[in-house]
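Undergrad: Contents of coords29.pdb (PDB, C-alpha atoms and all ligand atoms) are given next:
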ATOM      1  CA  MET A   8     -22.542  45.127  -0.573
ATOM      2  CA  ILE A   9     -19.686  43.239  -2.166
ATOM      3  CA  PHE A  10     -17.942  43.254   1.222
ATOM      4  CA  CYS A  11     -21.098  41.795   2.948
ATOM      5  CA  ASP A  12     -21.327  39.107   0.325
ATOM      6  CA  HIS A  13     -17.697  38.211   0.862
ATOM      7  CA  LEU A  14     -18.184  38.109   4.649
ATOM      8  CA  THR A  15     -21.228  35.832   4.367
ATOM      9  CA  LYS A  16     -19.264  33.427   2.154
ATOM     10  CA  GLN A  17     -16.374  33.423   4.637
ATOM     11  CA  LEU A  18     -18.742  32.672   7.522
ATOM     12  CA  PHE A  19     -20.337  29.756   5.714
ATOM     13  CA  ALA A  20     -16.954  28.417   4.574
ATOM     14  CA  TYR A  21     -15.732  28.316   8.184
ATOM     15  CA  GLN A  22     -16.446  24.929   9.726
ATOM     16  CA  ILE A  23     -17.100  24.954  13.456
ATOM     17  CA  PRO A  24     -14.994  22.139  14.999
ATOM     18  CA  MET A  25     -17.133  19.211  16.166
ATOM     19  CA  THR A  26     -17.266  18.356  19.855
ATOM     20  CA  ASP A  27     -16.483  14.794  20.984
ATOM     21  CA  VAL A  28     -20.186  14.202  21.667
ATOM     22  CA  GLU A  29     -21.118  15.333  18.152
ATOM     23  CA  LYS A  30     -18.445  13.052  16.694
ATOM     24  CA  GLN A  31     -19.819  10.109  18.706
ATOM     25  CA  ARG A  32     -23.343  10.797  17.436
ATOM     26  CA  ALA A  33     -22.301  11.013  13.789
ATOM     27  CA  PRO A  34     -22.150   7.761  11.813
ATOM     28  CA  GLN A  35     -18.667   6.263  12.080
ATOM     29  CA  LEU A  36     -18.063   6.134   8.353
ATOM     30  CA  GLU A  37     -20.215   7.556   5.586
ATOM     31  CA  VAL A  38     -19.639   7.221   1.862
ATOM     32  CA  THR A  39     -21.821   9.383  -0.368
ATOM     33  CA  ASP A  40     -22.342   9.144  -4.126
ATOM     34  CA  MET A  41     -18.907   7.722  -4.904
ATOM     35  CA  HIS A  42     -17.901   7.612  -8.584
ATOM     36  CA  LEU A  43     -14.679   6.065  -9.848
ATOM     37  CA  SER A  44     -13.917   5.300 -13.495
ATOM     38  CA  PHE A  45     -10.946   3.778 -15.252
ATOM     39  CA  GLY A  46     -11.297   4.944 -18.840
ATOM     40  CA  GLY A  47     -14.662   3.567 -19.882
ATOM     41  CA  ILE A  48     -15.018   1.228 -16.870
ATOM     42  CA  HIS A  49     -17.259   2.529 -14.110
ATOM     43  CA  ALA A  50     -15.832   0.725 -11.089
ATOM     44  CA  LEU A  51     -18.088   2.799  -8.806
ATOM     45  CA  ALA A  52     -21.194   4.475 -10.183
ATOM     46  CA  GLY A  53     -22.717   6.406  -7.286
ATOM     47  CA  VAL A  54     -22.110   4.213  -4.225
ATOM     48  CA  SER A  55     -23.415   5.418  -0.859
ATOM     49  CA  LEU A  56     -23.181   3.476   2.391
ATOM     50  CA  THR A  57     -22.869   3.913   6.132
ATOM     51  CA  ALA A  58     -20.759   1.772   8.451
ATOM     52  CA  ARG A  59     -22.424   1.571  11.835
ATOM     53  CA  ARG A  60     -20.364   2.467  14.877
ATOM     54  CA  GLY A  61     -19.070  -0.677  16.572
ATOM     55  CA  GLY A  62     -20.715  -3.000  14.039
ATOM     56  CA  ILE A  63     -19.533  -5.328  11.291
ATOM     57  CA  THR A  64     -20.683  -4.126   7.887
ATOM     58  CA  ALA A  65     -20.040  -6.572   5.074
ATOM     59  CA  VAL A  66     -19.595  -5.454   1.470
ATOM     60  CA  ILE A  67     -20.321  -8.319  -0.896
ATOM     61  CA  GLY A  68     -20.851  -8.759  -4.625
ATOM     62  CA  PRO A  69     -19.642 -10.775  -7.612
ATOM     63  CA  ASN A  70     -16.080 -10.433  -8.995
ATOM     64  CA  GLY A  71     -15.457  -6.980 -10.447
ATOM     65  CA  ALA A  72     -18.438  -5.459  -8.591
ATOM     66  CA  GLY A  73     -16.303  -2.592  -7.236
ATOM     67  CA  LYS A  74     -15.659  -3.742  -3.643
ATOM     68  CA  THR A  75     -11.884  -3.188  -3.627
ATOM     69  CA  SER A  76     -12.307   0.055  -5.571
ATOM     70  CA  LEU A  77     -14.607   1.230  -2.786
ATOM     71  CA  PHE A  78     -11.942   0.466  -0.162
ATOM     72  CA  ASN A  79      -9.338   2.233  -2.287
ATOM     73  CA  THR A  80     -11.395   5.420  -2.441
ATOM     74  CA  VAL A  81     -12.283   5.277   1.274
ATOM     75  CA  SER A  82      -8.648   4.811   2.309
ATOM     76  CA  GLY A  83      -7.480   7.472  -0.156
ATOM     77  CA  PHE A  84      -5.413   5.247  -2.476
ATOM     78  CA  TYR A  85      -7.622   6.183  -5.444
ATOM     79  CA  LYS A  86      -8.992   9.641  -6.081
ATOM     80  CA  PRO A  87     -12.655   9.411  -7.112
ATOM     81  CA  GLN A  88     -14.136  11.651  -9.824
ATOM     82  CA  GLN A  89     -17.010  12.425  -7.474
ATOM     83  CA  GLY A  90     -18.173  11.535  -3.969
ATOM     84  CA  GLN A  91     -17.487  12.134  -0.326
ATOM     85  CA  VAL A  92     -16.088  10.185   2.631
ATOM     86  CA  LYS A  93     -16.839  11.227   6.208
ATOM     87  CA  LEU A  94     -15.224   9.788   9.325
ATOM     88  CA  ASN A  95     -17.065  10.649  12.559
ATOM     89  CA  GLY A  96     -18.944  13.342  10.665
ATOM     90  CA  GLN A  97     -15.751  14.953   9.395
ATOM     91  CA  ASP A  98     -15.173  15.226   5.643
ATOM     92  CA  ILE A  99     -11.893  13.433   4.861
ATOM     93  CA  THR A 100     -12.293  13.274   1.065
ATOM     94  CA  ALA A 101      -9.348  15.609   0.465
ATOM     95  CA  GLN A 102      -7.023  13.899   2.973
ATOM     96  CA  PRO A 103      -4.101  11.757   1.740
ATOM     97  CA  PRO A 104      -3.944   8.065   2.802
ATOM     98  CA  HIS A 105      -1.446   8.580   5.658
ATOM     99  CA  ARG A 106      -3.643  11.306   7.238
ATOM    100  CA  ARG A 107      -6.697   9.042   7.011
ATOM    101  CA  ALA A 108      -4.658   6.276   8.661
ATOM    102  CA  ALA A 109      -3.605   8.631  11.469
ATOM    103  CA  MET A 110      -7.275   9.633  11.901
ATOM    104  CA  GLY A 111      -8.246   6.018  12.561
ATOM    105  CA  LEU A 112      -8.741   4.206   9.255
ATOM    106  CA  ALA A 113      -6.750   0.984   8.859
ATOM    107  CA  ARG A 114      -6.996  -1.644   6.164
ATOM    108  CA  THR A 115      -5.694  -4.939   4.897
ATOM    109  CA  PHE A 116      -5.257  -5.751   1.212
ATOM    110  CA  GLN A 117      -6.847  -8.390  -1.013
ATOM    111  CA  ASN A 118      -3.355  -9.536  -2.032
ATOM    112  CA  VAL A 119      -1.209  -9.576   1.090
ATOM    113  CA  ALA A 120       0.955  -6.415   1.129
ATOM    114  CA  LEU A 121       3.752  -6.987   3.657
ATOM    115  CA  PHE A 122       7.515  -6.387   3.531
ATOM    116  CA  ARG A 123       8.485  -9.964   2.807
ATOM    117  CA  GLY A 124      12.144  -9.613   3.834
ATOM    118  CA  LEU A 125      11.302  -8.144   7.260
ATOM    119  CA  THR A 126      10.302 -10.126  10.322
ATOM    120  CA  VAL A 127       6.737 -10.398  11.547
ATOM    121  CA  LEU A 128       7.489  -8.020  14.450
ATOM    122  CA  ASP A 129       9.071  -5.362  12.210
ATOM    123  CA  ASN A 130       6.117  -5.493   9.821
ATOM    124  CA  ILE A 131       3.693  -5.011  12.701
ATOM    125  CA  LYS A 132       5.768  -2.178  14.159
ATOM    126  CA  LEU A 133       5.478  -0.305  10.870
ATOM    127  CA  GLY A 134       1.718  -0.159  11.514
ATOM    128  CA  GLY A 135       2.384   1.287  14.977
ATOM    129  CA  HIS A 136       4.685   3.953  13.555
ATOM    130  CA  THR A 137       1.730   5.763  11.981
ATOM    131  CA  ARG A 138       0.974   6.944  15.526
ATOM    132  CA  LEU A 139       4.506   7.905  16.647
ATOM    133  CA  SER A 140       6.110  11.328  16.471
ATOM    134  CA  SER A 141       9.538   9.941  15.456
ATOM    135  CA  ASN A 142      10.009   8.552  11.964
ATOM    136  CA  PRO A 143      10.575   4.808  11.343
ATOM    137  CA  PHE A 144      14.236   5.357  10.404
ATOM    138  CA  SER A 145      15.285   7.080  13.646
ATOM    139  CA  ALA A 146      13.161   4.594  15.587
ATOM    140  CA  MET A 147      14.875   1.621  13.995
ATOM    141  CA  CYS A 148      18.301   3.194  14.705
ATOM    142  CA  TYR A 149      17.275   3.798  18.335
ATOM    143  CA  LEU A 150      18.092   7.517  18.307
ATOM    144  CA  GLY A 151      17.340   9.634  21.421
ATOM    145  CA  ALA A 152      13.665  10.031  22.402
ATOM    146  CA  ALA A 153      12.742   7.693  19.557
ATOM    147  CA  LYS A 154      14.216   4.868  21.629
ATOM    148  CA  ARG A 155      11.723   5.391  24.478
ATOM    149  CA  GLU A 156       8.798   5.658  22.067
ATOM    150  CA  GLU A 157       9.975   2.552  20.266
ATOM    151  CA  MET A 158      10.256   0.507  23.484
ATOM    152  CA  ALA A 159       6.764   1.551  24.577
ATOM    153  CA  LEU A 160       5.385   0.657  21.165
ATOM    154  CA  ARG A 161       7.041  -2.738  21.306
ATOM    155  CA  ARG A 162       5.519  -3.522  24.716
ATOM    156  CA  GLU A 163       2.097  -2.420  23.565
ATOM    157  CA  ILE A 164       2.319  -4.469  20.362
ATOM    158  CA  GLU A 165       3.401  -7.554  22.269
ATOM    159  CA  ARG A 166       0.434  -7.305  24.639
ATOM    160  CA  ASP A 167      -2.354  -5.959  22.425
ATOM    161  CA  VAL A 168      -1.525  -7.470  19.070
ATOM    162  CA  ILE A 169       0.904 -10.407  19.132
ATOM    163  CA  ASP A 170      -0.588 -12.170  22.156
ATOM    164  CA  PHE A 171      -4.116 -11.319  21.038
ATOM    165  CA  LEU A 172      -3.657 -12.827  17.554
ATOM    166  CA  GLU A 173      -1.630 -15.773  18.874
ATOM    167  CA  ILE A 174       1.430 -15.177  16.671
ATOM    168  CA  ASP A 175       4.105 -15.121  19.368
ATOM    169  CA  HIS A 176       5.803 -18.227  17.937
ATOM    170  CA  ILE A 177       6.500 -16.523  14.574
ATOM    171  CA  ARG A 178       7.358 -13.014  15.738
ATOM    172  CA  ASN A 179      11.051 -13.185  14.733
ATOM    173  CA  LEU A 180      10.579 -15.039  11.438
ATOM    174  CA  PRO A 181      10.734 -13.318   8.060
ATOM    175  CA  VAL A 182       7.295 -12.988   6.513
ATOM    176  CA  ALA A 183       8.375 -14.531   3.179
ATOM    177  CA  GLY A 184       8.607 -18.055   4.634
ATOM    178  CA  LEU A 185       5.187 -18.060   6.319
ATOM    179  CA  ALA A 186       2.125 -19.956   5.144
ATOM    180  CA  TYR A 187      -0.442 -17.730   3.405
ATOM    181  CA  GLY A 188      -2.963 -17.944   6.256
ATOM    182  CA  LEU A 189      -0.371 -16.700   8.733
ATOM    183  CA  GLN A 190       0.660 -13.859   6.416
ATOM    184  CA  LYS A 191      -2.965 -12.730   6.384
ATOM    185  CA  ARG A 192      -2.959 -12.776  10.180
ATOM    186  CA  VAL A 193       0.239 -10.688  10.252
ATOM    187  CA  GLU A 194      -1.414  -8.155   7.959
ATOM    188  CA  LEU A 195      -4.331  -7.952  10.362
ATOM    189  CA  ALA A 196      -1.813  -7.491  13.178
ATOM    190  CA  ARG A 197      -0.171  -4.583  11.368
ATOM    191  CA  ALA A 198      -3.558  -2.912  10.885
ATOM    192  CA  LEU A 199      -4.430  -3.456  14.581
ATOM    193  CA  ALA A 200      -1.126  -1.896  15.658
ATOM    194  CA  MET A 201      -2.439   1.337  14.148
ATOM    195  CA  GLN A 202      -5.130   1.295  16.886
ATOM    196  CA  PRO A 203      -7.842   2.026  14.342
ATOM    197  CA  GLU A 204     -11.404   3.175  14.902
ATOM    198  CA  VAL A 205     -12.410   1.620  11.590
ATOM    199  CA  LEU A 206     -10.829  -1.565  10.279
ATOM    200  CA  MET A 207     -11.330  -2.401   6.600
ATOM    201  CA  LEU A 208     -10.637  -6.030   5.711
ATOM    202  CA  ASP A 209     -10.447  -7.007   2.031
ATOM    203  CA  GLU A 210     -11.130 -10.749   1.823
ATOM    204  CA  PRO A 211      -9.440 -11.730   5.099
ATOM    205  CA  VAL A 212     -10.134 -15.464   4.686
ATOM    206  CA  ALA A 213      -9.481 -15.885   0.949
ATOM    207  CA  GLY A 214      -7.313 -18.956   0.378
ATOM    208  CA  MET A 215      -7.702 -20.188   3.958
ATOM    209  CA  ASN A 216      -8.781 -23.647   5.062
ATOM    210  CA  ARG A 217     -11.787 -24.212   7.351
ATOM    211  CA  GLU A 218      -9.795 -24.082  10.588
ATOM    212  CA  GLU A 219      -7.906 -20.910   9.601
ATOM    213  CA  THR A 220     -11.196 -19.317   8.554
ATOM    214  CA  GLU A 221     -12.783 -20.124  11.911
ATOM    215  CA  ASP A 222      -9.784 -18.638  13.747
ATOM    216  CA  MET A 223     -10.013 -15.467  11.668
ATOM    217  CA  ALA A 224     -13.776 -15.205  12.287
ATOM    218  CA  ARG A 225     -13.128 -15.413  16.037
ATOM    219  CA  PHE A 226     -10.463 -12.696  15.849
ATOM    220  CA  ILE A 227     -12.720 -10.355  13.856
ATOM    221  CA  LEU A 228     -15.561 -10.853  16.342
ATOM    222  CA  ASP A 229     -13.228 -10.202  19.294
ATOM    223  CA  ILE A 230     -11.917  -7.052  17.611
ATOM    224  CA  GLN A 231     -15.479  -5.804  17.262
ATOM    225  CA  GLU A 232     -16.901  -6.968  20.584
ATOM    226  CA  GLU A 233     -13.967  -6.462  22.962
ATOM    227  CA  ARG A 234     -12.344  -3.428  21.368
ATOM    228  CA  GLY A 235     -15.412  -1.753  19.909
ATOM    229  CA  ILE A 236     -13.701  -1.273  16.556
ATOM    230  CA  THR A 237     -16.004  -0.716  13.592
ATOM    231  CA  VAL A 238     -15.340  -3.325  10.914
ATOM    232  CA  LEU A 239     -15.931  -3.050   7.185
ATOM    233  CA  LEU A 240     -15.556  -6.488   5.655
ATOM    234  CA  ILE A 241     -15.256  -7.558   2.015
ATOM    235  CA  GLU A 242     -15.695 -11.307   1.727
ATOM    236  CA  HIS A 243     -16.794 -13.954  -0.764
ATOM    237  CA  ASP A 244     -17.206 -16.573   2.001
ATOM    238  CA  MET A 245     -20.961 -16.256   2.489
ATOM    239  CA  GLY A 246     -20.958 -18.497   5.547
ATOM    240  CA  LEU A 247     -18.629 -16.074   7.307
ATOM    241  CA  VAL A 248     -20.577 -12.999   6.156
ATOM    242  CA  MET A 249     -23.902 -14.416   7.318
ATOM    243  CA  ASP A 250     -22.418 -15.547  10.647
ATOM    244  CA  ILE A 251     -20.605 -12.445  11.822
ATOM    245  CA  SER A 252     -21.933  -9.319  10.099
ATOM    246  CA  ASN A 253     -24.691  -7.057  11.411
ATOM    247  CA  HIS A 254     -25.342  -5.312   8.136
ATOM    248  CA  VAL A 255     -24.671  -6.316   4.530
ATOM    249  CA  VAL A 256     -24.292  -4.045   1.492
ATOM    250  CA  VAL A 257     -24.397  -5.722  -1.922
ATOM    251  CA  LEU A 258     -22.597  -4.209  -4.904
ATOM    252  CA  ASN A 259     -22.905  -5.124  -8.565
ATOM    253  CA  PHE A 260     -21.445  -3.220 -11.514
ATOM    254  CA  GLY A 261     -20.387  -0.394  -9.202
ATOM    255  CA  GLN A 262     -23.817   0.154  -7.662
ATOM    256  CA  VAL A 263     -25.555  -0.829  -4.443
ATOM    257  CA  ILE A 264     -28.250  -3.342  -5.414
ATOM    258  CA  GLY A 265     -29.427  -4.218  -1.903
ATOM    259  CA  GLU A 266     -28.667  -3.881   1.787
ATOM    260  CA  GLY A 267     -29.972  -4.977   5.135
ATOM    261  CA  ARG A 268     -29.494  -7.627   7.794
ATOM    262  CA  PRO A 269     -27.894 -10.856   6.511
ATOM    263  CA  SER A 270     -31.226 -12.712   6.535
ATOM    264  CA  GLU A 271     -32.941  -9.865   4.628
ATOM    265  CA  VAL A 272     -30.266  -9.522   1.954
ATOM    266  CA  ARG A 273     -30.435 -13.223   1.096
ATOM    267  CA  ALA A 274     -34.047 -12.775   0.036
ATOM    268  CA  ILE A 275     -33.646  -9.741  -2.262
ATOM    269  CA  PRO A 276     -34.394 -10.883  -5.873
ATOM    270  CA  GLU A 277     -31.815  -8.498  -7.373
ATOM    271  CA  VAL A 278     -29.125  -9.997  -5.125
ATOM    272  CA  ILE A 279     -30.080 -13.584  -5.993
ATOM    273  CA  ARG A 280     -30.047 -12.642  -9.691
ATOM    274  CA  ALA A 281     -26.559 -11.078  -9.384
ATOM    275  CA  TYR A 282     -25.141 -14.218  -7.803
ATOM    276  CA  LEU A 283     -27.130 -17.000  -9.455
ATOM    277  CA  GLY A 284     -28.564 -15.436 -12.626
ATOM    278  CA  GLU A 285     -32.201 -15.525 -13.713
ATOM    279  CA  ALA A 286     -32.349 -19.335 -13.464
ATOM    280  CA  GLY A 287     -31.209 -19.112  -9.844
ATOM    281  CA  LEU A 288     -34.003 -16.710  -9.030
ATOM    282  CA  HIS A 289     -36.624 -19.167 -10.375
ATOM    283  CA  LYS A 290     -34.995 -22.025  -8.458
ATOM    284  CA  VAL A 291     -35.108 -20.059  -5.177
ATOM    285  CA  ALA A 292     -38.719 -19.043  -5.823
ATOM    286  CA  ALA A 293     -39.795 -22.631  -6.578
TER     287      ALA A 293
HETATM  288  N1  LIG A 301      -6.372  -0.009 -11.261
HETATM  289  C1  LIG A 301      -7.331  -0.335 -12.120
HETATM  290  N2  LIG A 301      -7.224  -0.057 -13.457
HETATM  291  C2  LIG A 301      -8.200  -0.375 -14.317
HETATM  292  N3  LIG A 301      -9.346  -0.990 -13.972
HETATM  293  C3  LIG A 301      -9.513  -1.309 -12.676
HETATM  294  C4  LIG A 301      -8.516  -1.000 -11.683
HETATM  295  N4  LIG A 301      -8.959  -1.421 -10.461
HETATM  296  C5  LIG A 301     -10.158  -1.982 -10.690
HETATM  297  N5  LIG A 301     -10.482  -1.913 -12.003
HETATM  298  C6  LIG A 301     -11.735  -2.402 -12.626
HETATM  299  O1  LIG A 301     -12.814  -1.907 -11.839
HETATM  300  C7  LIG A 301     -13.816  -2.900 -11.698
HETATM  301  C8  LIG A 301     -14.041  -3.175 -10.224
HETATM  302  O2  LIG A 301     -12.863  -3.837  -9.723
HETATM  303  P1  LIG A 301     -12.676  -4.195  -8.189
HETATM  304  O3  LIG A 301     -11.285  -4.707  -8.030
HETATM  305  O4  LIG A 301     -13.072  -3.042  -7.362
HETATM  306  O5  LIG A 301     -13.732  -5.371  -8.000
HETATM  307  P2  LIG A 301     -13.998  -6.327  -6.762
HETATM  308  O6  LIG A 301     -15.454  -6.237  -6.444
HETATM  309  O7  LIG A 301     -13.036  -6.040  -5.679
HETATM  310  O8  LIG A 301     -13.740  -7.756  -7.406
HETATM  311  P3  LIG A 301     -13.083  -9.090  -6.751
HETATM  312  O9  LIG A 301     -14.177  -9.769  -5.966
HETATM  313  O10 LIG A 301     -12.690  -9.899  -7.955
HETATM  314  O11 LIG A 301     -11.909  -8.684  -5.931
HETATM  315  C9  LIG A 301     -13.358  -4.106 -12.494
HETATM  316  O12 LIG A 301     -13.948  -4.037 -13.776
HETATM  317  C10 LIG A 301     -11.861  -3.935 -12.564
HETATM  318  O13 LIG A 301     -11.323  -4.545 -13.715
HETATM  319 MG    MG A 302     -11.520  -7.084  -4.772
END
Can the structure from this file be put into structure tokens for me?

TA:
Amino acid sequence: MIFCDHLTKQLFAYQIPMTDVEKQRAPQLEVTDMHLSFGGIHALAGVSLTARRGGITAVIGPNGAGKTSLFNTVSGFYKPQQGQVKLNGQDITAQPPHRRAAMGLARTFQNVALFRGLTVLDNIKLGGHTRLSSNPFSAMCYLGAAKREEMALRREIERDVIDFLEIDHIRNLPVAGLAYGLQKRVELARALAMQPEVLMLDEPVAGMNREETEDMARFILDIQEERGITVLLIEHDMGLVMDISNHVVVLNFGQVIGEGRPSEVRAIPEVIRAYLGEAGLHKVAA
């Protein structure tokens, strides 16, 4: 009897590998009941959301709402107290950040996180190295088979990333001397070099002028439309969110307070209250 019980548990514990068709049918990215606390601060208090395959899902909310914390738990940088992340139907909650990256999750950071002393090209190549079998050190020293892999990566990056994001003119410059808007573009380039299935962008146009913002909006749309990459976008620029996203999730105090199409979300009283306060709600209603 004890043996049967043990066998049944073993059978249920064994996960049958998903076929490619099953993976395609599963939502691209699913977050379920995510909880993350720092001492007494509940950065995430039970957040669930789904990023639609091939769509742009925006995550918005006032300062401190938990948007970056959500990205940090999805990418594996923070370990939540509770909750689950699934990529293509596969539970990745226990995977470390580099495994999640290799499985297709790439991100940019709210505060640009590049190697400032390295050139633009070297920074971007570091993104590509997440997919190579040789390590970055042997690749940079051009050792053996690493040399061939490195050359192929360089060609691919030149065509698919540098030309695409129109940063050819700065490829050999150190990142430290670049204007902030360009640094943000280089960070996007590094994430693209990882050939992600899901691209998470944390405030990609913060600090940019109108023209830079419009360029970035065009790049994000091209990434989604031409490459079919699923985008998860945190942004305070409401014009951009309303223009390019298909679905919007609104966070406040670590909870989802509304979601829907951009036009729907704008009309949710709880969302208006979170952004404009009670007075704002009366003004909108009047
Ligand atoms: N590493 C940390 N240690 C302690 N508290 C943190 C940490 N990271 C985030 N928090 C807290 O968690 C809450 C959510 O922060 P988070 O950075 O996720 O907000 P956000 O929505 O990204 O805000 P913003 O729009 O200002 O970037 C805040 O109260 C913040 O102070
Ligand atoms: Mg943030």

Undergrad: Can you give me, as number ranges by chain, the residues this file yields under the PyMOL selection byres (((not hetatm)) within 12 of (chain A and resi 302))?

TA: A: 50, 66-79, 115-118, 208-211, 213, 240-243, 258, 261

Undergrad: Keeping C-alpha atoms for every residue in the selection just given, could you write it to a file as a PDB file, keeping the file's coordinate frame?

TA:
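The resulting file, again_28.pdb, is reproduced below:
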ATOM      1  CA  ALA A  50     -15.832   0.725 -11.089  1.00  0.00           C
ATOM      2  CA  VAL A  66     -19.595  -5.454   1.470  1.00  0.00           C
ATOM      3  CA  ILE A  67     -20.321  -8.319  -0.896  1.00  0.00           C
ATOM      4  CA  GLY A  68     -20.851  -8.759  -4.625  1.00  0.00           C
ATOM      5  CA  PRO A  69     -19.642 -10.775  -7.612  1.00  0.00           C
ATOM      6  CA  ASN A  70     -16.080 -10.433  -8.995  1.00  0.00           C
ATOM      7  CA  GLY A  71     -15.457  -6.980 -10.447  1.00  0.00           C
ATOM      8  CA  ALA A  72     -18.438  -5.459  -8.591  1.00  0.00           C
ATOM      9  CA  GLY A  73     -16.303  -2.592  -7.236  1.00  0.00           C
ATOM     10  CA  LYS A  74     -15.659  -3.742  -3.643  1.00  0.00           C
ATOM     11  CA  THR A  75     -11.884  -3.188  -3.627  1.00  0.00           C
ATOM     12  CA  SER A  76     -12.307   0.055  -5.571  1.00  0.00           C
ATOM     13  CA  LEU A  77     -14.607   1.230  -2.786  1.00  0.00           C
ATOM     14  CA  PHE A  78     -11.942   0.466  -0.162  1.00  0.00           C
ATOM     15  CA  ASN A  79      -9.338   2.233  -2.287  1.00  0.00           C
ATOM     16  CA  THR A 115      -5.694  -4.939   4.897  1.00  0.00           C
ATOM     17  CA  PHE A 116      -5.257  -5.751   1.212  1.00  0.00           C
ATOM     18  CA  GLN A 117      -6.847  -8.390  -1.013  1.00  0.00           C
ATOM     19  CA  ASN A 118      -3.355  -9.536  -2.032  1.00  0.00           C
ATOM     20  CA  LEU A 208     -10.637  -6.030   5.711  1.00  0.00           C
ATOM     21  CA  ASP A 209     -10.447  -7.007   2.031  1.00  0.00           C
ATOM     22  CA  GLU A 210     -11.130 -10.749   1.823  1.00  0.00           C
ATOM     23  CA  PRO A 211      -9.440 -11.730   5.099  1.00  0.00           C
ATOM     24  CA  ALA A 213      -9.481 -15.885   0.949  1.00  0.00           C
ATOM     25  CA  LEU A 240     -15.556  -6.488   5.655  1.00  0.00           C
ATOM     26  CA  ILE A 241     -15.256  -7.558   2.015  1.00  0.00           C
ATOM     27  CA  GLU A 242     -15.695 -11.307   1.727  1.00  0.00           C
ATOM     28  CA  HIS A 243     -16.794 -13.954  -0.764  1.00  0.00           C
ATOM     29  CA  LEU A 258     -22.597  -4.209  -4.904  1.00  0.00           C
ATOM     30  CA  GLY A 261     -20.387  -0.394  -9.202  1.00  0.00           C
TER      31      GLY A 261
END

Undergrad: Between A:Ala159, A:Met110, A:Ala65, A:Ala33, which one has atoms that come closest to A:Arg268, using all atoms listed in the file?

TA: A:Ala65

Undergrad: Leaving out stretch 226-231 of chain A and any residue of its chain fewer than 5 positions from it, which residues lie within 12 Å of it when counting all atoms listed in the file, given as a ChimeraX atom specification?

TA: /A:59-64,167-168,170-173,192,195-196,198-199,202-208,211-212,219-221,236-240,247-248,250-253

Undergrad: If you apply the PyMOL selection byres (((chain A and resi 126) around 7) and not hetatm) to this file, what residues do you get, as a count of residues only?

TA: 11

Undergrad: Neighbours of A:Pro34 within 12 Å (only C-alpha atoms; same-chain residues fewer than 4 positions away dropped), as a list in words?

TA: Val28, Glu29, Lys30, Val38, Leu56, Thr57, Ala58, Arg59, Arg60, Gly61, Gly62, Val92, Lys93, Leu94, Asn95, Gly96, Gln97, Asp98, Val205 and Thr237 of chain A

Undergrad: Could you jot down the atom O4 of ligand LIG 301 (chain A) to atom CA of A:Ala200 separation for me, Å, one decimal place?

TA: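 Answer for the atom O4 of ligand LIG 301 (chain A) to atom CA of A:Ala200 separation: 26.0 Å.
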